[in-house]
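Okay, structure_34.csv now, which holds CSV, C-alpha atoms and all ligand atoms:
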```csv
chain,number,residue,atom,x,y,z
A,1,MET,CA,23.1,2.1,5.5
A,2,ARG,CA,20.1,2.3,3.3
A,3,PHE,CA,16.5,2.8,4.5
A,4,HIS,CA,13.8,1.9,2.0
A,5,ILE,CA,10.4,3.3,3.1
A,6,MET,CA,7.1,1.9,1.7
A,7,THR,CA,4.3,4.4,2.4
A,8,LEU,CA,1.1,5.9,1.1
A,9,PHE,CA,2.4,9.3,2.3
A,10,PRO,CA,5.9,9.9,0.9
A,11,GLU,CA,5.8,13.7,1.6
A,12,ILE,CA,5.9,13.1,5.3
A,13,PHE,CA,9.5,12.0,5.2
A,14,ASN,CA,11.0,14.8,3.1
A,15,SER,CA,11.0,17.6,5.6
A,16,TYR,CA,12.3,15.5,8.5
A,17,MET,CA,15.2,14.1,6.4
A,18,SER,CA,16.2,17.6,5.2
A,19,GLU,CA,17.0,19.1,8.6
A,20,SER,CA,19.8,19.0,11.1
A,21,ILE,CA,21.6,15.7,11.9
A,22,MET,CA,19.5,13.6,9.5
A,23,LYS,CA,20.3,16.0,6.6
A,24,ARG,CA,24.0,15.9,7.5
A,25,ALA,CA,24.0,12.1,7.6
A,26,VAL,CA,22.4,11.9,4.2
A,27,GLU,CA,24.8,14.5,2.8
A,28,LYS,CA,27.8,12.7,4.2
A,29,GLY,CA,26.6,9.5,2.4
A,30,ILE,CA,26.4,7.6,5.7
A,31,ILE,CA,22.7,7.0,5.3
A,32,GLU,CA,20.5,6.8,2.2
A,33,VAL,CA,16.7,7.1,2.3
A,34,ASN,CA,14.6,5.8,-0.5
A,35,ILE,CA,10.9,6.5,-0.4
A,36,TYR,CA,8.3,4.5,-2.4
A,37,ASN,CA,4.7,5.3,-2.8
A,38,ILE,CA,2.8,2.0,-2.5
A,39,ARG,CA,0.0,3.5,-4.6
A,40,ASP,CA,2.4,3.8,-7.6
A,41,PHE,CA,2.6,0.0,-7.6
A,42,SER,CA,-1.1,-0.7,-7.6
A,43,THR,CA,-2.3,-2.6,-10.7
A,44,ASN,CA,-5.9,-1.5,-10.0
A,45,LYS,CA,-7.1,0.9,-12.7
A,46,HIS,CA,-8.1,3.5,-10.0
A,47,LYS,CA,-4.8,2.9,-8.1
A,48,LYS,CA,-6.8,1.5,-5.2
A,49,VAL,CA,-4.7,0.2,-2.3
A,50,ASP,CA,-7.3,-0.8,0.2
A,51,ASP,CA,-10.5,-2.9,0.4
A,52,TYR,CA,-13.2,-4.1,2.8
A,53,PRO,CA,-12.2,-6.7,5.4
A,54,PHE,CA,-13.4,-10.3,4.8
A,55,GLY,CA,-15.6,-11.2,7.7
A,56,GLY,CA,-16.9,-7.6,8.0
A,57,GLY,CA,-16.1,-5.0,10.6
A,58,ALA,CA,-15.0,-1.4,10.6
A,59,GLY,CA,-12.4,0.2,8.5
A,60,MET,CA,-10.4,-0.8,5.4
A,61,VAL,CA,-7.5,-3.1,5.0
A,62,MET,CA,-4.4,-2.5,2.7
A,63,THR,CA,-4.4,-5.0,-0.1
A,64,PRO,CA,-1.4,-7.3,-0.5
A,65,GLN,CA,-0.6,-6.7,-4.2
A,66,PRO,CA,0.7,-3.1,-4.2
A,67,ILE,CA,2.8,-3.8,-1.0
A,68,TYR,CA,4.3,-7.0,-2.4
A,69,ASP,CA,5.1,-5.3,-5.7
A,70,THR,CA,6.8,-2.4,-4.0
A,71,TYR,CA,8.8,-4.8,-1.9
A,72,LYS,CA,9.8,-6.9,-5.0
A,73,HIS,CA,10.9,-3.7,-6.7
A,74,ILE,CA,13.2,-2.7,-3.8
A,75,VAL,CA,14.7,-6.1,-3.3
A,76,ASP,CA,15.4,-6.5,-7.0
A,77,LYS,CA,16.7,-3.0,-7.6
A,78,PHE,CA,19.2,-3.2,-4.7
A,79,ASN,CA,19.8,-6.9,-5.0
A,80,ILE,CA,19.0,-7.4,-1.3
A,81,LYS,CA,19.7,-11.0,-0.4
A,82,GLU,CA,18.2,-11.4,3.1
A,83,PRO,CA,15.7,-8.5,3.3
A,84,ARG,CA,14.8,-7.2,6.8
A,85,VAL,CA,11.3,-5.9,6.5
A,86,ILE,CA,10.0,-4.0,9.5
A,87,TYR,CA,6.3,-3.4,9.8
A,88,LEU,CA,5.4,-0.6,12.1
A,89,THR,CA,2.4,-1.7,14.2
A,90,PRO,CA,1.1,-1.3,17.7
A,91,LYS,CA,1.0,-5.1,17.9
A,92,GLY,CA,4.8,-5.3,17.5
A,93,LYS,CA,7.7,-5.6,19.9
A,94,VAL,CA,8.2,-2.3,21.7
A,95,HIS,CA,11.1,-0.4,20.2
A,96,SER,CA,14.2,0.2,22.4
A,97,GLN,CA,17.7,1.4,22.4
A,98,ASN,CA,18.9,-2.2,22.1
A,99,ILE,CA,16.8,-2.8,19.0
A,100,ALA,CA,18.0,0.5,17.4
A,101,SER,CA,21.6,-0.6,18.2
A,102,GLU,CA,21.2,-4.0,16.6
A,103,MET,CA,19.5,-2.5,13.5
A,104,SER,CA,22.3,0.1,13.1
A,105,THR,CA,24.5,-2.7,11.9
A,106,PHE,CA,22.2,-3.7,9.0
A,107,LYS,CA,23.0,-2.7,5.4
A,108,ASP,CA,19.5,-2.4,4.2
A,109,VAL,CA,16.3,-1.9,6.2
A,110,ILE,CA,12.9,-1.9,4.5
A,111,LEU,CA,10.2,-0.1,6.5
A,112,LEU,CA,6.5,-0.8,5.9
A,113,CYS,CA,4.1,1.9,7.0
A,114,GLY,CA,0.5,0.7,7.4
A,115,HIS,CA,-2.7,2.7,7.3
A,116,TYR,CA,-6.4,2.3,7.9
A,117,GLU,CA,-7.1,-0.8,10.0
A,118,GLY,CA,-3.9,-2.5,8.9
A,119,ILE,CA,-2.5,-4.6,6.2
A,120,ASP,CA,-3.5,-8.0,4.8
A,121,GLN,CA,-2.0,-10.7,7.2
A,122,ARG,CA,-0.5,-12.6,4.2
A,123,ILE,CA,2.0,-9.7,3.7
A,124,ILE,CA,3.1,-10.1,7.3
A,125,ASP,CA,3.3,-13.9,6.9
A,126,SER,CA,5.3,-13.7,3.7
A,127,ILE,CA,7.7,-10.8,3.7
A,128,VAL,CA,7.7,-9.1,7.2
A,129,THR,CA,10.7,-10.1,9.4
A,130,ASP,CA,10.1,-7.7,12.4
A,131,GLU,CA,7.0,-6.1,13.8
A,132,ILE,CA,7.9,-3.0,15.8
A,133,SER,CA,5.7,-0.7,17.9
A,134,ILE,CA,6.9,2.6,19.3
A,135,GLY,CA,4.7,2.4,22.3
A,136,ASP,CA,1.4,1.4,23.8
A,137,TYR,CA,-0.8,3.9,21.9
A,138,VAL,CA,-2.3,3.9,18.5
A,139,LEU,CA,-1.4,6.4,15.7
A,140,THR,CA,-3.1,6.9,12.4
A,141,GLY,CA,-0.3,5.4,10.4
A,142,GLY,CA,3.2,4.0,10.5
A,143,GLU,CA,5.0,7.0,9.1
A,144,LEU,CA,5.9,8.7,12.4
A,145,PRO,CA,7.0,5.4,13.9
A,146,ALA,CA,9.2,4.8,10.8
A,147,LEU,CA,10.8,8.2,11.3
A,148,ILE,CA,11.5,7.4,14.9
A,149,LEU,CA,13.2,4.2,13.9
A,150,ILE,CA,15.3,5.9,11.3
A,151,ASP,CA,16.4,8.6,13.7
A,152,SER,CA,17.1,6.3,16.6
A,153,ILE,CA,19.1,3.9,14.3
A,154,SER,CA,20.9,6.5,12.3
A,155,ARG,CA,22.4,8.4,15.3
A,156,LEU,CA,24.1,5.2,16.4
A,157,ILE,CA,25.9,4.7,13.1
A,158,PRO,CA,29.6,5.7,13.3
A,159,GLY,CA,30.1,9.2,11.8
A,160,VAL,CA,26.5,10.4,12.1
A,161,LEU,CA,27.0,12.2,15.4
A,162,ASN,CA,30.1,14.4,15.9
A,163,GLN,CA,32.1,14.4,19.2
A,164,ASN,CA,29.9,17.0,20.9
A,165,GLU,CA,26.8,15.0,20.1
A,166,SER,CA,28.2,11.7,21.3
A,167,PHE,CA,25.9,9.0,22.6
A,168,GLU,CA,28.6,7.6,24.9
A,169,GLU,CA,26.8,9.1,28.0
A,170,GLU,CA,23.1,9.2,27.5
A,171,SER,CA,19.9,7.7,28.7
A,172,PHE,CA,19.6,3.9,28.6
A,173,LYS,CA,23.4,3.4,28.7
A,174,ASP,CA,23.7,0.6,31.4
A,175,ASN,CA,20.0,0.9,31.9
A,176,LEU,CA,20.2,4.3,33.5
A,177,LEU,CA,18.5,7.5,32.6
A,178,GLU,CA,20.8,10.5,32.0
A,179,TYR,CA,21.9,13.0,34.7
A,180,PRO,CA,20.8,16.6,34.5
A,181,HIS,CA,22.6,19.2,32.5
A,182,TYR,CA,23.4,22.8,33.2
A,183,THR,CA,24.9,25.6,31.1
A,184,ARG,CA,25.4,29.4,31.6
A,185,PRO,CA,24.3,31.4,33.4
A,186,ARG,CA,25.4,30.2,36.8
A,187,GLU,CA,22.2,31.4,38.4
A,188,PHE,CA,18.8,31.5,36.7
A,189,MET,CA,15.5,32.5,38.4
A,190,GLY,CA,17.3,32.2,41.7
A,191,ILE,CA,18.4,28.6,41.0
A,192,GLU,CA,22.2,28.0,41.2
A,193,VAL,CA,24.1,25.4,39.2
A,194,PRO,CA,25.2,22.6,41.6
A,195,GLU,CA,28.5,23.6,43.1
A,196,VAL,CA,30.3,20.4,42.2
A,197,LEU,CA,29.9,21.1,38.4
A,198,LEU,CA,32.0,24.3,38.9
A,199,SER,CA,34.7,22.6,40.9
A,200,GLY,CA,36.8,21.3,38.1
A,201,ASN,CA,37.2,18.0,40.0
A,202,HIS,CA,36.3,15.5,37.3
A,203,LYS,CA,36.3,12.5,39.6
A,204,LYS,CA,33.7,14.3,41.8
A,205,ILE,CA,31.7,15.4,38.8
A,206,ASP,CA,31.5,11.9,37.5
A,207,GLU,CA,30.5,10.6,40.8
A,208,TRP,CA,27.8,13.2,41.2
A,209,ARG,CA,26.4,12.5,37.7
A,210,HIS,CA,26.3,8.8,38.4
A,211,GLU,CA,24.5,9.3,41.6
A,212,LYS,CA,22.0,11.6,39.9
A,213,SER,CA,21.5,9.0,37.2
A,214,ILE,CA,20.7,6.3,39.8
A,215,GLU,CA,18.4,8.7,41.7
A,216,ILE,CA,16.3,9.7,38.7
A,217,THR,CA,16.1,6.1,37.3
A,218,LYS,CA,15.0,4.7,40.7
A,219,GLU,CA,12.3,7.4,40.9
A,220,ARG,CA,11.0,7.4,37.4
A,221,ARG,CA,11.8,3.9,36.0
A,222,PRO,CA,11.9,1.3,38.7
A,223,ASP,CA,11.9,-1.4,35.9
A,224,LEU,CA,15.2,0.0,34.4
A,225,TYR,CA,16.6,0.5,37.9
A,226,LYS,CA,16.2,-3.2,38.7
A,227,LYS,CA,18.0,-4.1,35.5
A,228,ALA,CA,20.8,-1.6,36.2
A,229,CYS,CA,21.4,-3.2,39.6
A,230,LYS,CA,21.9,-6.7,38.2
B,1,LIG,N1,1.0,2.4,13.9
B,1,LIG,C1,0.0,2.9,14.6
B,1,LIG,N2,0.3,3.0,15.9
B,1,LIG,C2,1.6,2.5,16.0
B,1,LIG,C3,2.5,2.3,17.1
B,1,LIG,N3,2.2,2.7,18.3
B,1,LIG,N4,3.7,1.9,16.8
B,1,LIG,C4,4.1,1.5,15.5
B,1,LIG,N5,3.3,1.7,14.5
B,1,LIG,C5,2.0,2.2,14.7
```

Please, can you express the file's structure as C-alpha cells?
Ligand code: ADE
Amino acid sequence: MRFHIMTLFPEIFNSYMSESIMKRAVEKGIIEVNIYNIRDFSTNKHKKVDDYPFGGGAGMVMTPQPIYDTYKHIVDKFNIKEPRVIYLTPKGKVHSQNIASEMSTFKDVILLCGHYEGIDQRIIDSIVTDEISIGDYVLTGGELPALILIDSISRLIPGVLNQNESFEEESFKDNLLEYPHYTRPREFMGIEVPEVLLSGNHKKIDEWRHEKSIEITKERRPDLYKKACK
C-alpha cells in the first residue's frame, strides 16, 4: 500500500516512519510512504502557500494552487485512477477501527495535512474524497492526525504485524475493549496476578478475559457496550 502525504512540514514524518513496526513495514515493502512538501509546488515567487480569507476574519487560509499541483503530480506519477484523498480536519468523520480497516484495502491513499485556519474550500469540493477527524479537539495541523491514520491502517495490512503482535484480540473487536494483561512477576507491590491466568485452563482463561472485556466496556464505554450487546 502506498501513502502519499501532502504537507508543509515533511520532517515530522521521517522519525516516526523510521522506528519500530512502521520501519519494518517499510523495509518489508508492505507499505511505501511518499512525502511531498506543498511549498515546493507553489508558483508564487516567494513560495507563498497561504493568504488572507475573503470576507475577513482571523488567520490565514492555504491557497488552492500549490495543493492542487501537488495532488496532480502524485496522481500522474503513480497513475492513480480513482484517487482517495483524505483531508485531516476536526470537521471530518471521526476516525475509527472500522474506517482504518476499510482503508487498509486501498492501494493508494493521499493524505492532505492542513495548517493555519484551513484550506480553500474549492480544494475540498474538487479533490478531497474523505474528511477525517481524529477526535473532538483541535490541533495545530493535520500531520499528527495523518500519522495516526497511517499507523492505524498499516498495522491491519497482512504481514505488517507478526504473530505475537496480532490484532485478532484487541480493543474494538466485536465492539469490546480489551481485557487486562499480566506478565512476570506473579506478585508486584503486593498485587497478585489473577489465579485463573496461572491455571493453564484455556477455556476458563478465555471466559475470564471475555467477562473482563464486558465489564470494562460497560463501565468505560456504554456506547460501545450497547453495540456489543446487539
Ligand atoms: N487538524 C486539526 N485538528 C484535527 C483533528 N482533531 N483531526 C484531524 N485533523 C485535525

Who sits within 12 Å of A:Ala58, only C-alpha atoms, same chain under 6 positions skipped, as a list in words: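 The contact residues come out as Asp51, Tyr52, Tyr116, Glu117 and Gly118 of chain A.
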
Using all atoms listed in the file, what does the table of chain A residues within 7 Å of ligand LIG 1 (chain B) look like, with each row giving the shortest atom pair and its distance in Å to one decimal, sorted by chain and ascending number, as CSV?
```
residue,atom,partner,partner_atom,distance
A:Leu88,CA,B:LIG1,N5,3.9
A:Thr89,CA,B:LIG1,N5,3.5
A:Pro90,CA,B:LIG1,C3,3.9
A:Gly114,CA,B:LIG1,N1,6.7
A:Ile132,CA,B:LIG1,C4,5.9
A:Ser133,CA,B:LIG1,N4,3.5
A:Ile134,CA,B:LIG1,N4,4.1
A:Gly135,CA,B:LIG1,N3,4.7
A:Asp136,CA,B:LIG1,N3,5.7
A:Tyr137,CA,B:LIG1,N3,4.8
A:Val138,CA,B:LIG1,N2,3.8
A:Leu139,CA,B:LIG1,N2,3.8
A:Thr140,CA,B:LIG1,C1,5.5
A:Gly141,CA,B:LIG1,N1,4.8
A:Gly142,CA,B:LIG1,N1,4.4
A:Pro145,CA,B:LIG1,C4,5.1
```

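If you count only C-alpha atoms and ignore residues fewer than 6 places along the chain from stretch 185-199 of chain A, what sits within 10 Å of it is A:Ile205, A:Asp206, A:Glu207, A:Trp208, A:Arg209.
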
Counting all atoms listed in the file, the option among A:Ile99, A:Ile157, A:Met6, A:Val49 closest to A:Ile35: A:Met6

Neighbour list for stretch 165-172 of chain A as a PyMOL selection string, cut-off 12 Å, all atoms listed in the file, skip fewer than 3 positions in-chain: chain A and resi 21+96-98+100-101+152-162+175-181+206+209-210+213-214+216-217+221+223-225+227-228

Store the residues picked out above in a file with C-alpha atoms, as a PDB file, in the frame of the given file.
```
ATOM      1  CA  ILE A  21      21.600  15.700  11.900  1.00  0.00           C
ATOM      2  CA  SER A  96      14.200   0.200  22.400  1.00  0.00           C
ATOM      3  CA  GLN A  97      17.700   1.400  22.400  1.00  0.00           C
ATOM      4  CA  ASN A  98      18.900  -2.200  22.100  1.00  0.00           C
ATOM      5  CA  ALA A 100      18.000   0.500  17.400  1.00  0.00           C
ATOM      6  CA  SER A 101      21.600  -0.600  18.200  1.00  0.00           C
ATOM      7  CA  SER A 152      17.100   6.300  16.600  1.00  0.00           C
ATOM      8  CA  ILE A 153      19.100   3.900  14.300  1.00  0.00           C
ATOM      9  CA  SER A 154      20.900   6.500  12.300  1.00  0.00           C
ATOM     10  CA  ARG A 155      22.400   8.400  15.300  1.00  0.00           C
ATOM     11  CA  LEU A 156      24.100   5.200  16.400  1.00  0.00           C
ATOM     12  CA  ILE A 157      25.900   4.700  13.100  1.00  0.00           C
ATOM     13  CA  PRO A 158      29.600   5.700  13.300  1.00  0.00           C
ATOM     14  CA  GLY A 159      30.100   9.200  11.800  1.00  0.00           C
ATOM     15  CA  VAL A 160      26.500  10.400  12.100  1.00  0.00           C
ATOM     16  CA  LEU A 161      27.000  12.200  15.400  1.00  0.00           C
ATOM     17  CA  ASN A 162      30.100  14.400  15.900  1.00  0.00           C
ATOM     18  CA  ASN A 175      20.000   0.900  31.900  1.00  0.00           C
ATOM     19  CA  LEU A 176      20.200   4.300  33.500  1.00  0.00           C
ATOM     20  CA  LEU A 177      18.500   7.500  32.600  1.00  0.00           C
ATOM     21  CA  GLU A 178      20.800  10.500  32.000  1.00  0.00           C
ATOM     22  CA  TYR A 179      21.900  13.000  34.700  1.00  0.00           C
ATOM     23  CA  PRO A 180      20.800  16.600  34.500  1.00  0.00           C
ATOM     24  CA  HIS A 181      22.600  19.200  32.500  1.00  0.00           C
ATOM     25  CA  ASP A 206      31.500  11.900  37.500  1.00  0.00           C
ATOM     26  CA  ARG A 209      26.400  12.500  37.700  1.00  0.00           C
ATOM     27  CA  HIS A 210      26.300   8.800  38.400  1.00  0.00           C
ATOM     28  CA  SER A 213      21.500   9.000  37.200  1.00  0.00           C
ATOM     29  CA  ILE A 214      20.700   6.300  39.800  1.00  0.00           C
ATOM     30  CA  ILE A 216      16.300   9.700  38.700  1.00  0.00           C
ATOM     31  CA  THR A 217      16.100   6.100  37.300  1.00  0.00           C
ATOM     32  CA  ARG A 221      11.800   3.900  36.000  1.00  0.00           C
ATOM     33  CA  ASP A 223      11.900  -1.400  35.900  1.00  0.00           C
ATOM     34  CA  LEU A 224      15.200   0.000  34.400  1.00  0.00           C
ATOM     35  CA  TYR A 225      16.600   0.500  37.900  1.00  0.00           C
ATOM     36  CA  LYS A 227      18.000  -4.100  35.500  1.00  0.00           C
ATOM     37  CA  ALA A 228      20.800  -1.600  36.200  1.00  0.00           C
TER      38      ALA A 228
END
```

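Reported to one decimal place, the separation of atom CA of A:Lys173 from atom CA of A:Pro83 is 29.1 Å.
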
Surrounding residues of A:Met62 excluding itself and chain neighbours under 2 positions, 12 Å, all atoms listed in the file, as a PyMOL selection string: chain A and resi 7-8+38-39+42+48-53+59-60+64-68+112-124+141

Selected residue, from A:Leu147, A:Ile12, A:Val109, A:Ile127, that lies nearest to A:Asn37 when counting only C-alpha atoms: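 Checking each of A:Leu147, A:Ile12, A:Val109, A:Ile127 against A:Asn37, counting only C-alpha atoms, the winner is A:Ile12.
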
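Of note, atom CA of A:Arg84 and atom CA of A:Thr70 are spaced 14.3 Å apart.
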
Coordinates-based distance that separates atom CA of A:His73 from atom CA of A:Lys107 (Å, one decimal): 17.1 Å

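With distances restricted to all atoms listed in the file, A:Leu111 is the closest residue to A:Ile74 from A:Leu111, A:Ile148, A:Ala25, A:Met103.
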
Minimum-distance residue to A:Met17, chosen among A:Asp40, A:Glu32, A:Glu82, A:Asp125 (using only C-alpha atoms):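 Ranking A:Asp40, A:Glu32, A:Glu82, A:Asp125 by distance to A:Met17, first place goes to A:Glu32.
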
Nearest to A:Val75, chosen from A:Lys93, A:Asp174, A:Phe3, A:Leu144, with only C-alpha atoms counted in the distances: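 Among the listed residues, A:Phe3 lies closest to A:Val75.
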
Using only C-alpha atoms: which of A:Ala146, A:Val61, A:Ile110, A:Ile80 has the shortest distance to A:Phe9: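 For A:Phe9, the nearest of the given residues is A:Ala146.
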
Mind completing stretch 166-179 of chain A with N, CA, C and O atoms? Output as a PDB file, in the frame of the given file, please?
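After the write, part_30.pdb holds the following:
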```
ATOM      1  N   SER A 166      27.972  13.138  21.010  1.00  0.00           N
ATOM      2  CA  SER A 166      28.200  11.700  21.300  1.00  0.00           C
ATOM      3  C   SER A 166      27.125  11.040  22.089  1.00  0.00           C
ATOM      4  O   SER A 166      26.474  11.653  22.928  1.00  0.00           O
ATOM      5  N   PHE A 167      26.935   9.757  21.817  1.00  0.00           N
ATOM      6  CA  PHE A 167      25.900   9.000  22.600  1.00  0.00           C
ATOM      7  C   PHE A 167      26.578   8.125  23.636  1.00  0.00           C
ATOM      8  O   PHE A 167      25.954   7.231  24.182  1.00  0.00           O
ATOM      9  N   GLU A 168      27.862   8.429  23.944  1.00  0.00           N
ATOM     10  CA  GLU A 168      28.600   7.600  24.900  1.00  0.00           C
ATOM     11  C   GLU A 168      27.885   7.678  26.303  1.00  0.00           C
ATOM     12  O   GLU A 168      27.800   6.718  27.033  1.00  0.00           O
ATOM     13  N   GLU A 169      27.454   8.899  26.644  1.00  0.00           N
ATOM     14  CA  GLU A 169      26.800   9.100  28.000  1.00  0.00           C
ATOM     15  C   GLU A 169      25.435   9.604  27.745  1.00  0.00           C
ATOM     16  O   GLU A 169      25.236  10.801  27.641  1.00  0.00           O
ATOM     17  N   GLU A 170      24.454   8.747  27.602  1.00  0.00           N
ATOM     18  CA  GLU A 170      23.100   9.200  27.500  1.00  0.00           C
ATOM     19  C   GLU A 170      22.143   8.211  28.071  1.00  0.00           C
ATOM     20  O   GLU A 170      22.555   7.130  28.489  1.00  0.00           O
ATOM     21  N   SER A 171      20.877   8.558  28.093  1.00  0.00           N
ATOM     22  CA  SER A 171      19.900   7.700  28.700  1.00  0.00           C
ATOM     23  C   SER A 171      19.937   6.297  28.085  1.00  0.00           C
ATOM     24  O   SER A 171      20.182   6.162  26.881  1.00  0.00           O
ATOM     25  N   PHE A 172      19.704   5.306  28.903  1.00  0.00           N
ATOM     26  CA  PHE A 172      19.600   3.900  28.600  1.00  0.00           C
ATOM     27  C   PHE A 172      20.989   3.199  28.508  1.00  0.00           C
ATOM     28  O   PHE A 172      21.064   1.988  28.394  1.00  0.00           O
ATOM     29  N   LYS A 173      22.067   4.003  28.597  1.00  0.00           N
ATOM     30  CA  LYS A 173      23.400   3.400  28.700  1.00  0.00           C
ATOM     31  C   LYS A 173      23.393   2.683  30.073  1.00  0.00           C
ATOM     32  O   LYS A 173      23.087   3.334  31.079  1.00  0.00           O
ATOM     33  N   ASP A 174      23.727   1.419  30.134  1.00  0.00           N
ATOM     34  CA  ASP A 174      23.700   0.600  31.400  1.00  0.00           C
ATOM     35  C   ASP A 174      22.381   0.675  32.094  1.00  0.00           C
ATOM     36  O   ASP A 174      22.315   0.634  33.317  1.00  0.00           O
ATOM     37  N   ASN A 175      21.319   0.835  31.324  1.00  0.00           N
ATOM     38  CA  ASN A 175      20.000   0.900  31.900  1.00  0.00           C
ATOM     39  C   ASN A 175      19.717   2.043  32.844  1.00  0.00           C
ATOM     40  O   ASN A 175      18.868   1.950  33.728  1.00  0.00           O
ATOM     41  N   LEU A 176      20.461   3.102  32.686  1.00  0.00           N
ATOM     42  CA  LEU A 176      20.200   4.300  33.500  1.00  0.00           C
ATOM     43  C   LEU A 176      19.773   5.457  32.705  1.00  0.00           C
ATOM     44  O   LEU A 176      20.177   5.599  31.544  1.00  0.00           O
ATOM     45  N   LEU A 177      18.928   6.299  33.298  1.00  0.00           N
ATOM     46  CA  LEU A 177      18.500   7.500  32.600  1.00  0.00           C
ATOM     47  C   LEU A 177      19.670   8.565  32.862  1.00  0.00           C
ATOM     48  O   LEU A 177      20.445   8.449  33.812  1.00  0.00           O
ATOM     49  N   GLU A 178      19.717   9.532  31.974  1.00  0.00           N
ATOM     50  CA  GLU A 178      20.800  10.500  32.000  1.00  0.00           C
ATOM     51  C   GLU A 178      20.707  11.482  33.167  1.00  0.00           C
ATOM     52  O   GLU A 178      19.594  11.864  33.550  1.00  0.00           O
ATOM     53  N   TYR A 179      21.851  11.924  33.664  1.00  0.00           N
ATOM     54  CA  TYR A 179      21.900  13.000  34.700  1.00  0.00           C
ATOM     55  C   TYR A 179      21.486  14.317  34.151  1.00  0.00           C
ATOM     56  O   TYR A 179      21.472  14.515  32.947  1.00  0.00           O
TER      57      TYR A 179
END
```
